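Participant: So that we are looking at the same thing, I have put the structure below in structure tokens.
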Amino acid sequence: MQKENRSVSTTLGSEKISTLLIQYATPAIAGMTAASLYNVVDSIFIGHGVGALGISGLALTFPIMNMAAAFGSLVGVGASTLLSIKLGQKDYEGAHRILGQEIVLNICTGVIFGILCLLYLDSILYFFGASEATIGYAREYMQIILIGNTVTHLFFGQNAILRSSGFPRKAMYATLFSVFINIALNPIFIFALDWGIRGAAVATILSQLLALAYQCVHFSNRSHLVHFRRGIYKLKGTMVKEIFSIGMSPFLMNLCSCLIVILINRNMKTHGGDLAIGAYGIVNRIATLFVMVIMGLNQGMQPIAGFNYGAKLQGRVIEVTKLTMIWAVGISTTGWLLCELFPSAIARIFTTDAELTALAVYGLRVTFLVFPVVGYQMVTGNFFLSIGMARKSIFLSLTRQMIFLVPFLLTLPHWLGATGVWLSMPLADFIGVLVAVRMLLVQFRRMRRNVLEKNLEEKVSKR
């Protein structure tokens with residue numbers, strides 16, 4: 001069985017790129033789309049079962065969720081990327097140890113983060129833009145989410161390892177299973193049991209716990225190439241450093257997202273009030289839905305690019321990056337068309353409140369102005385991350401969010417009010433993609449030169 005698993009793994013270096021990308025990206029896209037439906041489903045049920053201020057309260061929790069995602073991706077993305085590279089190098093012992101490091105690190109970060117946030121929850125929420133009208137909703141939701149934070153970290157971390165170890169479909173099944181459970185439990189907890197916004201949080205954590213049990217069954221099977229076994233759970237300084245080094249890019253990206261959402265929420269409260277925060281919550285959910293689809297594409301690309309880079313097949317790395325780029329831009333363009341043509345229909349999915357709907361419609365139209373370029377940006381960052389060039393991926397994340405977006409958010413609202421907040425996002429996207437284009441072209445030229453030199457050496461050796 002292990003030989004079969006190894007042969008499956010090595011197809012990453014020989015199978016047609018488009019076939020591999022479909023094979024790995026399809027379940028990843030399904031999984032990431034399903035994952036984003038957690039938040040969309042919660043927002044819909046809360047909007048209709050709790051009210052407009054409930055959506056605003058939920059939007060206030062976004063920065064904490066981004067911080068939690070930052071620590072989760074620091075471990076999960078770093079470990080899964082390193083595992084792909086180890087498999088490409090045929091270092092199976094190292095791959096096992098990465099699995100153990102991922103589990104221990106996720107437990108540690110999940111517990112510590114959850115406890116610290118619970119201790120200072122009210123102060124954090126007020127800082128994020130809460131008012132007396134909205135803090136109760138945000139507090140009730142986050143108390144449950146933070147108690148189950150370790151479950152969330154382990155669930156998403158194990159899913160990343162599943163994909164990188166050659167089981168993308170099982171990763172998809174785990175996510176779909178958790179989403180379907182969440183959808184089924186939401187109306188029971190929110191309406192039937194009258195738990196309100198707290199019921200949405202309970203449904204989320206319980207569904208993830210059940211999916212985590214499914215993942216543990218898989219990794220308990222010793223016939224799989226990467227599985228639970230003794231001796232892999234002791235933290236190794238060198239491996240932890242490697243995991244954190246690779247995971248630092250998505251960590252900083254999520255941390256920056258946290259800062260961005262704080263600035264947006266505080267500006268919305270100042271220039272538009274509590275419902276403006278709710279409108280951003282709706283826009284954020286829709287944007288995240290398309291972003292998660294692209295992230296699914298990136299996750300499908302990651303093991304292919306990582307394996308081939310480890311195997312020194314750089315031509316295949318370029319090929320998979322280009323194909324992923326085309327598909328990603330197509331997805332982001334679809335999001336742009338839908339939000340520019342049908343914003344009212346989209347907003348009404350979340351709320352029947354006329355004022356909140358009008359604010360969300362305006363936000364959708366402005367925020368999605370240049371959304372097609374987002375696909376290019378995301379794949380470029382993932383390209384550098386997949387081949388272990390974490391610093392370049394970090395730089396791309398920082399340029400878009402910190403160097404461009406933050407200054408816009410600090411200045412434009414003073415002149416344009418809430419419109420300035422909305423307008424900051426497409427402006428930062430447009431400038432950020434110019435930097436990404438330049439960096440990717442330079443790296444591609446270097447890799448093509450390496451391919452030509454390798455081909456020349458092979459021709460000389462055959463003579």
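The way I read the labels, and the way they are meant: chains A, B, ... in the order of the structure tokens, residue 1 as the first residue of every chain, and ligand 1 as the first ligand shown, with later ones counted on from there.
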Just the residues within 10 Å of Leu323 of chain A, please, counting only C-alpha atoms, with nothing from its chain fewer than 6 positions along; format it as a ChimeraX atom specification.

Facilitator: /A:17-18,21,301

Participant: Find the residues near Ile98 of chain A: any atom within 8 Å, counting only C-alpha atoms, skip ones fewer than 4 places away on the same chain, and give them as a list in words.

Facilitator: Ala79, Leu82, Leu83, Gly94, Glu102, Ile232 and Met239 of chain A

Participant: Save the residues we just selected, N, CA and C atoms, as a PDB file, in the first residue's frame?

Facilitator:
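Wrote it out as selection-v5.pdb, contents follow:
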ATOM      1  N   ALA A  79       3.324  23.823   7.478  1.00  0.00           N
ATOM      2  CA  ALA A  79       3.540  22.373   7.577  1.00  0.00           C
ATOM      3  C   ALA A  79       3.177  21.658   6.282  1.00  0.00           C
ATOM      4  N   LEU A  82       5.783  22.410   3.497  1.00  0.00           N
ATOM      5  CA  LEU A  82       7.034  21.699   3.770  1.00  0.00           C
ATOM      6  C   LEU A  82       6.863  20.201   3.544  1.00  0.00           C
ATOM      7  N   LEU A  83       5.684  19.664   3.882  1.00  0.00           N
ATOM      8  CA  LEU A  83       5.425  18.245   3.665  1.00  0.00           C
ATOM      9  C   LEU A  83       5.466  17.908   2.172  1.00  0.00           C
ATOM     10  N   GLY A  94      10.860  12.557   7.269  1.00  0.00           N
ATOM     11  CA  GLY A  94      10.642  13.975   7.534  1.00  0.00           C
ATOM     12  C   GLY A  94       9.179  14.360   7.402  1.00  0.00           C
ATOM     13  N   GLU A 102       2.851  19.611  13.321  1.00  0.00           N
ATOM     14  CA  GLU A 102       1.620  20.363  13.019  1.00  0.00           C
ATOM     15  C   GLU A 102       0.579  20.180  14.110  1.00  0.00           C
ATOM     16  N   ILE A 232       6.829  11.127  16.751  1.00  0.00           N
ATOM     17  CA  ILE A 232       6.801  12.266  15.811  1.00  0.00           C
ATOM     18  C   ILE A 232       6.270  13.543  16.463  1.00  0.00           C
ATOM     19  N   MET A 239      12.669  22.029  12.530  1.00  0.00           N
ATOM     20  CA  MET A 239      11.428  21.868  11.768  1.00  0.00           C
ATOM     21  C   MET A 239      10.427  22.966  12.079  1.00  0.00           C
TER      22      MET A 239
END

Participant: Which residue is closest to Gly278 of chain A? Choose from A:Val437, A:Ala203, A:Val379, A:Leu60 and count only C-alpha atoms.

Facilitator: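 Comparing A:Val437, A:Ala203, A:Val379, A:Leu60 against Gly278 of chain A, the winner is A:Leu60.
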
Participant: So which residues touch Arg266 of chain A within 9 Å, counting only C-alpha atoms, skipping near sequence neighbours fewer than 2 positions away, as a list in words?

Facilitator: Phe127, Phe128, Gly129, Ala130, Val261, Ile262, Leu263, Ile264, Met268, Lys269, Thr270, His271 and Ile277 of chain A

Participant: Can those selected residues be exported to a file as a CSV table (one decimal), in the first residue's frame so that it contains C-alpha atoms?

Facilitator:
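The resulting result.csv:
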chain,number,residue,atom,x,y,z
A,127,PHE,CA,-11.5,48.6,20.3
A,128,PHE,CA,-12.7,46.9,17.1
A,129,GLY,CA,-15.7,49.3,16.8
A,130,ALA,CA,-18.4,47.8,19.0
A,261,VAL,CA,-10.8,45.1,9.2
A,262,ILE,CA,-10.2,47.0,12.4
A,263,LEU,CA,-9.6,50.2,10.5
A,264,ILE,CA,-12.6,49.6,8.2
A,268,MET,CA,-17.5,52.7,9.3
A,269,LYS,CA,-18.7,53.4,12.8
A,270,THR,CA,-17.4,57.0,12.7
A,271,HIS,CA,-18.7,57.9,9.2
A,277,ILE,CA,-20.4,48.0,9.8

Participant: So how far away is atom CA of Thr150 of chain A from atom CA of Ala59 of chain A, in Å?

Facilitator: 21.6 Å
